[in-house]
Structures are given as structure tokens and as C-alpha cells.
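Chemist: If you scroll down you'll find the structure; I have some questions about it.
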Amino acid sequence: MTAADPHKEAGVGKDLVIYFCLLVLAGLQFVIAYQNIDASQMLVRMLVVACVEAGMAALFFMHLGAERRGFLLFVAVFTISVLLGLQFGWTDSHRMLVGAPFSK
Amino acid sequence: MSHGDVMMEGHAPGFTLGPAFAIPTKKLAMWLFIIADTMTFAGCLVAYGFLRHGTANWPRPFHSITNVALMTFILLTSSLTMLFALRAAKAGDKAAAFRWILITAAAGILFGLLHVREWLQLIGEGMTMFKNPWGTPLFGASFFSITGLHLTHVTAGVTALLVVGVRYKGGRYKADDIEVLGLYWHFVDLVWMFVVPLIYLMNLGKA
């Protein structure tokens, strides 16, 4: 963009490298799905891969990495804070399943 | 001075109040929308996780990854073609930019068609929002809600691609607008990276 055109022209090569990395990571999720591990381990591994994918897409495809550091921090801190805030319900979900110890 | 700058009345020339974070207003607005939409999807996915974790015998009805793998490939590739469109637009090559936008929109349509085909298959097997033959009806409700929300975003994105693409070709919009639209399209792709493992791969029935 005009005023805040922070995009350093790195050529199509960089875009292709990121694209192939994302394809490989997406494929890795499918590999994890066929591993003989329990659901919680599978969830953690898949979410780690998904977060790496999302980070790469945001930083390079959405050019967030080339924006001003203040804006990058704003997006990161705000998003991560709310995502962490959404995790409050897991203990209650666990109570629904096993009925203990919070139900007594 | 960017188009988003605002001259403050009553002050000396040159005293301006620039857009927040020194990025153009339209782009900032799209980022704020993306952040808000992230919360929407995160809320849905966390609620889904809550239900899945708290429900015994959650069904695992998916037996093939072919369709979802193809959909993932198409959506990721459409992000790349969107980047090519932006690159061409910034280079001033309107014809090439419009061509890449059309390719991106076509990929979005193909993704949508594959999605609808998958829905029809599941509906044919007896799965609806309120029941399914494999157990808890919560599965159908959460599956259709989350994938439906994503498909709505893809449909809106395809519509926006076509509208902005045509207007860009006609000279009404500029490369900046292609970039703002690209942000939205990449976001749709980004969300899919979480929908696939949580909704599809975690519910993969193994022989």
C-alpha cells in the first residue's frame, strides 16, 4: 500500500517456498491423524502444527511480519489473550464427562 | 501522506493525525474485522472442543481423507494465486491481476462445491443438525455449524473477489483494495488450518 507499503519485494520464490512449507505442514497433520496415539496427544500435535501454519500464513501471506512492530504486537497480544481467555471452560467440560471432582 | 490521513482544523499546516499504527485505514479496518472474526471462529471451535471432550462416545464418521485433503490443497493454492494477483496489481499489470483473481475465485467455487458434495453425502447417510446414526446429535450440530460458518466466509470471499476484481479492472479500485481483499482470503485459508484437524482429522474412523 502507499503509505505503509512495508512489503519488501522478495520475488515469487519466497511465496512459493512458504506455500510448499504450508502444504508440507498440512500433510503432516494428516500423518498425525493416522498415528496410534491417544486423542489428547493427537490434539496437541495437530494444534502445534496448525499454529505454525497460521503463524506462517499471517506473517508472510498476510504480510503481518512486514508491518510496524507496534501493530504486530497489537494483533498478537490481543488475539493470544482472547484465545487464552476462551480456555476457561475445560475444567467444566471435564466435569461433564467424569462428574468429579467439581460436581461434589 | 496516506489517503487515511486527516488534517486537523485550527492547527498549523503539517500537523496531521495519521491512521493508527501508520497503516491505511481500509487495511486497519480489515485487520480489526479479522481479529473479531478470529474470536468468532475461536469461540465456535472451543465450544466444539468443550462438547467433544464432555460427551462420551463421540462419533468418528469420517473414513476417507481424500476429499478434505483435496479441499485443503485447493484453498492453500488459492492463497498463492491471491498473492500472485496482488503482485501483478502492484506491478500495474491489470490484466494479469484480474486473471489471477478469477483463478482464485474459481478455486473458491471448487472448494465450495466439494464442501457441498461432502455435506450431501453425510446428509444421505442420515446426518442432520439434530440427529445422526452414530450417536450424539451434537456432532451434526457442531459439524454443520462450524463448516457452514466457514463455507459462508468462502462464499462471501468469492463474491468479493468477483466484485472487487471487476471494479479493479474497470479502474474504480486500486491495488490497495486487492491487498485488503487478499487479507480476508488468506484469513479464510488460515481458519481452515484449524477446522481440518479439529473437525475432520480428530474424527477420523480408523479401520
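Chain identifiers are assigned as A, B, and so on, following the order in which chains appear in the C-alpha cells; residues are numbered from 1 within each chain, and ligands are numbered from 1 in order of appearance.
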Contacts of range 43-52 of chain B at 12 Å or less, counting only C-alpha atoms, minus same-chain residues fewer than 6 places along, as a ChimeraX atom specification?

Modeler: /A:39-40,43,47,82-97 /B:36-37,58-60,136-150,191-192,194-199,202-203

Chemist: Save out the residues we just selected, C-alpha atoms, as a tab-separated table (two decimals), in the first residue's frame.

Modeler:
chain	number	residue	atom	x	y	z
A	39	ALA	CA	-6.69	-38.19	21.42
A	40	SER	CA	-5.13	-35.62	23.74
A	43	LEU	CA	-4.88	-32.78	19.59
A	47	LEU	CA	-2.73	-27.73	17.18
A	82	VAL	CA	-8.59	-13.73	23.99
A	83	LEU	CA	-7.71	-17.24	22.81
A	84	LEU	CA	-6.26	-17.99	26.23
A	85	GLY	CA	-9.34	-16.46	27.85
A	86	LEU	CA	-11.52	-18.91	25.95
A	87	GLN	CA	-9.85	-21.84	27.67
A	88	PHE	CA	-11.66	-21.32	30.96
A	89	GLY	CA	-14.29	-23.95	30.18
A	90	TRP	CA	-12.16	-27.07	30.00
A	91	THR	CA	-12.46	-27.96	33.66
A	92	ASP	CA	-16.23	-27.81	33.41
A	93	SER	CA	-16.15	-29.90	30.26
A	94	HIS	CA	-14.09	-32.47	32.16
A	95	ARG	CA	-16.67	-32.40	34.95
A	96	MET	CA	-19.41	-33.16	32.42
A	97	LEU	CA	-17.54	-36.26	31.33
B	36	ALA	CA	-13.04	-10.01	15.56
B	37	ASP	CA	-13.76	-12.91	13.22
B	58	TRP	CA	-18.23	-39.02	20.29
B	59	PRO	CA	-18.76	-40.38	16.75
B	60	ARG	CA	-15.91	-40.74	14.26
B	136	THR	CA	-24.92	-37.91	19.90
B	137	PRO	CA	-26.78	-35.35	17.74
B	138	LEU	CA	-24.32	-32.74	18.98
B	139	PHE	CA	-21.92	-33.98	16.34
B	140	GLY	CA	-24.14	-32.96	13.44
B	141	ALA	CA	-24.94	-29.62	15.05
B	142	SER	CA	-21.30	-28.70	15.64
B	143	PHE	CA	-20.11	-30.06	12.28
B	144	PHE	CA	-22.66	-28.19	10.18
B	145	SER	CA	-22.36	-25.01	12.28
B	146	ILE	CA	-18.60	-24.69	12.03
B	147	THR	CA	-18.13	-25.89	8.46
B	148	GLY	CA	-21.20	-23.85	7.46
B	149	LEU	CA	-19.73	-20.72	9.02
B	150	HIS	CA	-16.51	-21.31	7.12
B	191	VAL	CA	-9.17	-20.68	9.69
B	192	TRP	CA	-9.36	-23.85	7.60
B	194	PHE	CA	-7.73	-25.27	12.41
B	195	VAL	CA	-11.05	-26.62	11.15
B	196	VAL	CA	-9.43	-29.56	9.36
B	197	PRO	CA	-7.62	-31.12	12.33
B	198	LEU	CA	-10.32	-30.40	14.88
B	199	ILE	CA	-13.42	-31.26	12.89
B	202	MET	CA	-9.80	-35.86	15.10
B	203	ASN	CA	-12.98	-37.64	13.99

Chemist: Find the nearest atom pair between each residue of chain B and chain A for residues within 7 Å, count only C-alpha atoms, give distances in Å to one decimal, sort rows by chain and ascending number, and present the table as JSON lines.

Modeler:
{"residue": "B:Met1", "atom": "CA", "partner": "A:Ala3", "partner_atom": "CA", "distance": 6.6}
{"residue": "B:Ser2", "atom": "CA", "partner": "A:Ala3", "partner_atom": "CA", "distance": 4.8}
{"residue": "B:Phe21", "atom": "CA", "partner": "A:Phe71", "partner_atom": "CA", "distance": 5.7}
{"residue": "B:Ala22", "atom": "CA", "partner": "A:Ala4", "partner_atom": "CA", "distance": 6.4}
{"residue": "B:Ile23", "atom": "CA", "partner": "A:Ala4", "partner_atom": "CA", "distance": 5.1}
{"residue": "B:Pro24", "atom": "CA", "partner": "A:Ala4", "partner_atom": "CA", "distance": 6.7}
{"residue": "B:Ile35", "atom": "CA", "partner": "A:Thr79", "partner_atom": "CA", "distance": 6.7}
{"residue": "B:Ala42", "atom": "CA", "partner": "A:Leu83", "partner_atom": "CA", "distance": 6.9}
{"residue": "B:Gly43", "atom": "CA", "partner": "A:Leu86", "partner_atom": "CA", "distance": 7.0}
{"residue": "B:Val46", "atom": "CA", "partner": "A:Leu86", "partner_atom": "CA", "distance": 7.0}
{"residue": "B:Phe50", "atom": "CA", "partner": "A:Ser93", "partner_atom": "CA", "distance": 5.4}
{"residue": "B:His53", "atom": "CA", "partner": "A:Ser93", "partner_atom": "CA", "distance": 6.3}
{"residue": "B:Gly54", "atom": "CA", "partner": "A:Leu97", "partner_atom": "CA", "distance": 4.6}
{"residue": "B:Thr55", "atom": "CA", "partner": "A:Leu97", "partner_atom": "CA", "distance": 6.1}
{"residue": "B:Ala56", "atom": "CA", "partner": "A:Leu97", "partner_atom": "CA", "distance": 6.7}
{"residue": "B:Leu80", "atom": "CA", "partner": "A:Tyr19", "partner_atom": "CA", "distance": 6.7}
{"residue": "B:Asp176", "atom": "CA", "partner": "A:Met1", "partner_atom": "CA", "distance": 5.3}
{"residue": "B:Leu183", "atom": "CA", "partner": "A:Met62", "partner_atom": "CA", "distance": 5.6}
{"residue": "B:His186", "atom": "CA", "partner": "A:Met62", "partner_atom": "CA", "distance": 6.6}
{"residue": "B:Leu190", "atom": "CA", "partner": "A:Ala54", "partner_atom": "CA", "distance": 5.5}
{"residue": "B:Met193", "atom": "CA", "partner": "A:Ala50", "partner_atom": "CA", "distance": 5.7}
{"residue": "B:Phe194", "atom": "CA", "partner": "A:Ala50", "partner_atom": "CA", "distance": 5.9}
{"residue": "B:Pro197", "atom": "CA", "partner": "A:Met46", "partner_atom": "CA", "distance": 6.3}
{"residue": "B:Leu201", "atom": "CA", "partner": "A:Ala33", "partner_atom": "CA", "distance": 5.6}
{"residue": "B:Met202", "atom": "CA", "partner": "A:Ala33", "partner_atom": "CA", "distance": 6.8}

Chemist: Would you please work out which residue, of B:Leu151, B:Ala69, B:Leu102, B:Ser79, is nearest to Phe60 in chain A when using only C-alpha atoms?

Modeler: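 Nearest to Phe60 in chain A: B:Ser79.
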
Chemist: I'd like the interatomic distance between CA of Glu118 in chain B and CA of Asn67 in chain B, to a tenth of an Å.

Modeler: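 Between CA of Glu118 in chain B and CA of Asn67 in chain B the gap is 7.7 Å.
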
Chemist: Per DSSP on the backbone, filter chain B down to the residues in alpha helix (DSSP H) and report them as a ChimeraX atom specification.

Modeler: /B:25-54,66-90,94-124,138-169,175-195

Chemist: Okay, now the selection with C-alpha atoms, as a tab-separated table (two decimals), in the first residue's frame?

Modeler:
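Dumped everything to result_34.tsv:
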chain	number	residue	atom	x	y	z
B	25	THR	CA	-7.49	2.96	7.20
B	26	LYS	CA	-9.05	0.31	4.94
B	27	LYS	CA	-6.31	-2.13	5.78
B	28	LEU	CA	-6.63	-1.43	9.50
B	29	ALA	CA	-10.40	-1.93	9.27
B	30	MET	CA	-9.88	-5.31	7.60
B	31	TRP	CA	-7.38	-6.35	10.26
B	32	LEU	CA	-9.82	-5.36	13.01
B	33	PHE	CA	-12.53	-7.39	11.27
B	34	ILE	CA	-10.14	-10.34	11.01
B	35	ILE	CA	-9.32	-10.11	14.72
B	36	ALA	CA	-13.04	-10.01	15.56
B	37	ASP	CA	-13.76	-12.91	13.22
B	38	THR	CA	-10.92	-14.87	14.77
B	39	MET	CA	-12.80	-14.60	18.05
B	40	THR	CA	-15.97	-15.87	16.39
B	41	PHE	CA	-14.27	-18.95	14.99
B	42	ALA	CA	-12.24	-19.48	18.15
B	43	GLY	CA	-15.44	-19.34	20.20
B	44	CYS	CA	-17.09	-21.90	17.93
B	45	LEU	CA	-14.07	-24.23	17.94
B	46	VAL	CA	-13.61	-24.01	21.70
B	47	ALA	CA	-17.34	-24.68	22.21
B	48	TYR	CA	-16.97	-27.66	19.88
B	49	GLY	CA	-13.97	-28.87	21.89
B	50	PHE	CA	-15.99	-28.43	25.08
B	51	LEU	CA	-18.80	-30.61	23.71
B	52	ARG	CA	-16.47	-33.20	22.22
B	53	HIS	CA	-14.47	-33.52	25.42
B	54	GLY	CA	-17.57	-33.65	27.60
B	66	THR	CA	-9.30	-37.71	0.12
B	67	ASN	CA	-11.99	-35.04	-0.06
B	68	VAL	CA	-10.74	-32.92	2.82
B	69	ALA	CA	-7.14	-33.23	1.60
B	70	LEU	CA	-8.21	-32.02	-1.83
B	71	MET	CA	-10.17	-29.14	-0.31
B	72	THR	CA	-7.13	-28.15	1.78
B	73	PHE	CA	-4.88	-28.25	-1.27
B	74	ILE	CA	-7.30	-26.10	-3.28
B	75	LEU	CA	-7.66	-23.50	-0.53
B	76	LEU	CA	-3.91	-23.26	0.08
B	77	THR	CA	-3.29	-22.93	-3.63
B	78	SER	CA	-5.91	-20.20	-3.87
B	79	SER	CA	-3.94	-18.23	-1.28
B	80	LEU	CA	-0.90	-18.47	-3.53
B	81	THR	CA	-2.86	-17.30	-6.57
B	82	MET	CA	-4.19	-14.39	-4.49
B	83	LEU	CA	-0.58	-13.41	-3.76
B	84	PHE	CA	0.14	-13.53	-7.48
B	85	ALA	CA	-2.88	-11.28	-8.09
B	86	LEU	CA	-1.59	-8.76	-5.55
B	87	ARG	CA	1.90	-8.88	-7.03
B	88	ALA	CA	0.53	-8.23	-10.51
B	89	ALA	CA	-1.71	-5.43	-9.22
B	90	LYS	CA	1.21	-3.71	-7.50
B	94	LYS	CA	-4.29	-5.11	-14.51
B	95	ALA	CA	-4.95	-7.94	-16.94
B	96	ALA	CA	-2.73	-10.38	-15.07
B	97	ALA	CA	-4.11	-9.30	-11.69
B	98	PHE	CA	-7.68	-9.80	-12.90
B	99	ARG	CA	-6.77	-13.20	-14.33
B	100	TRP	CA	-5.25	-14.34	-11.01
B	101	ILE	CA	-8.29	-13.02	-9.13
B	102	LEU	CA	-10.55	-15.07	-11.38
B	103	ILE	CA	-8.39	-18.16	-10.79
B	104	THR	CA	-8.62	-17.56	-7.04
B	105	ALA	CA	-12.39	-17.17	-7.25
B	106	ALA	CA	-12.63	-20.37	-9.33
B	107	ALA	CA	-10.65	-22.21	-6.65
B	108	GLY	CA	-13.04	-20.87	-4.03
B	109	ILE	CA	-16.03	-22.07	-6.04
B	110	LEU	CA	-14.45	-25.51	-6.47
B	111	PHE	CA	-13.81	-25.65	-2.73
B	112	GLY	CA	-17.44	-24.76	-2.08
B	113	LEU	CA	-18.72	-27.40	-4.47
B	114	LEU	CA	-16.58	-30.09	-2.83
B	115	HIS	CA	-17.85	-28.92	0.53
B	116	VAL	CA	-21.49	-29.13	-0.56
B	117	ARG	CA	-20.89	-32.57	-2.09
B	118	GLU	CA	-19.49	-33.76	1.23
B	119	TRP	CA	-22.48	-32.32	3.09
B	120	LEU	CA	-24.88	-34.08	0.75
B	121	GLN	CA	-23.07	-37.38	1.31
B	122	LEU	CA	-23.35	-37.00	5.08
B	123	ILE	CA	-27.00	-35.94	4.84
B	124	GLY	CA	-27.56	-39.01	2.66
B	138	LEU	CA	-24.32	-32.74	18.98
B	139	PHE	CA	-21.92	-33.98	16.34
B	140	GLY	CA	-24.14	-32.96	13.44
B	141	ALA	CA	-24.94	-29.62	15.05
B	142	SER	CA	-21.30	-28.70	15.64
B	143	PHE	CA	-20.11	-30.06	12.28
B	144	PHE	CA	-22.66	-28.19	10.18
B	145	SER	CA	-22.36	-25.01	12.28
B	146	ILE	CA	-18.60	-24.69	12.03
B	147	THR	CA	-18.13	-25.89	8.46
B	148	GLY	CA	-21.20	-23.85	7.46
B	149	LEU	CA	-19.73	-20.72	9.02
B	150	HIS	CA	-16.51	-21.31	7.12
B	151	LEU	CA	-18.34	-22.02	3.88
B	152	THR	CA	-20.26	-18.76	4.35
B	153	HIS	CA	-16.94	-16.95	4.59
B	154	VAL	CA	-15.68	-18.67	1.43
B	155	THR	CA	-18.88	-17.72	-0.42
B	156	ALA	CA	-18.57	-14.11	0.74
B	157	GLY	CA	-14.92	-14.15	-0.29
B	158	VAL	CA	-15.70	-15.44	-3.78
B	159	THR	CA	-18.38	-12.76	-4.19
B	160	ALA	CA	-15.97	-10.08	-3.01
B	161	LEU	CA	-13.25	-11.39	-5.33
B	162	LEU	CA	-15.54	-11.11	-8.33
B	163	VAL	CA	-16.90	-7.68	-7.41
B	164	VAL	CA	-13.54	-6.15	-6.48
B	165	GLY	CA	-11.84	-7.85	-9.44
B	166	VAL	CA	-14.30	-6.42	-11.95
B	167	ARG	CA	-14.15	-2.97	-10.39
B	168	TYR	CA	-10.36	-3.10	-10.26
B	169	LYS	CA	-10.28	-3.97	-13.93
B	175	ALA	CA	-4.02	-2.34	-5.89
B	176	ASP	CA	-4.64	-1.34	-2.27
B	177	ASP	CA	-8.12	-2.80	-2.48
B	178	ILE	CA	-6.75	-6.06	-3.84
B	179	GLU	CA	-4.41	-6.22	-0.87
B	180	VAL	CA	-7.25	-5.65	1.61
B	181	LEU	CA	-9.30	-8.35	-0.09
B	182	GLY	CA	-6.27	-10.64	-0.05
B	183	LEU	CA	-6.06	-10.30	3.72
B	184	TYR	CA	-9.60	-11.62	4.02
B	185	TRP	CA	-8.95	-14.51	1.64
B	186	HIS	CA	-5.79	-15.57	3.49
B	187	PHE	CA	-7.73	-15.41	6.74
B	188	VAL	CA	-10.33	-17.85	5.35
B	189	ASP	CA	-7.44	-20.15	4.50
B	190	LEU	CA	-5.94	-19.69	7.95
B	191	VAL	CA	-9.17	-20.68	9.69
B	192	TRP	CA	-9.36	-23.85	7.60
B	193	MET	CA	-5.98	-24.90	9.04
B	194	PHE	CA	-7.73	-25.27	12.41
B	195	VAL	CA	-11.05	-26.62	11.15

Chemist: If you measure from CA of Ser81 in chain A to CA of Val24 in chain A, what distance in Å do you get, rounded to one decimal?

Modeler: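 Separating CA of Ser81 in chain A from CA of Val24 in chain A is a distance of 28.7 Å.
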
Chemist: Between CA of Asp93 in chain B and CA of Gly13 in chain A, measure the distance and give it in Å to one decimal.

Modeler: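 These atoms are spaced 19.0 Å apart.
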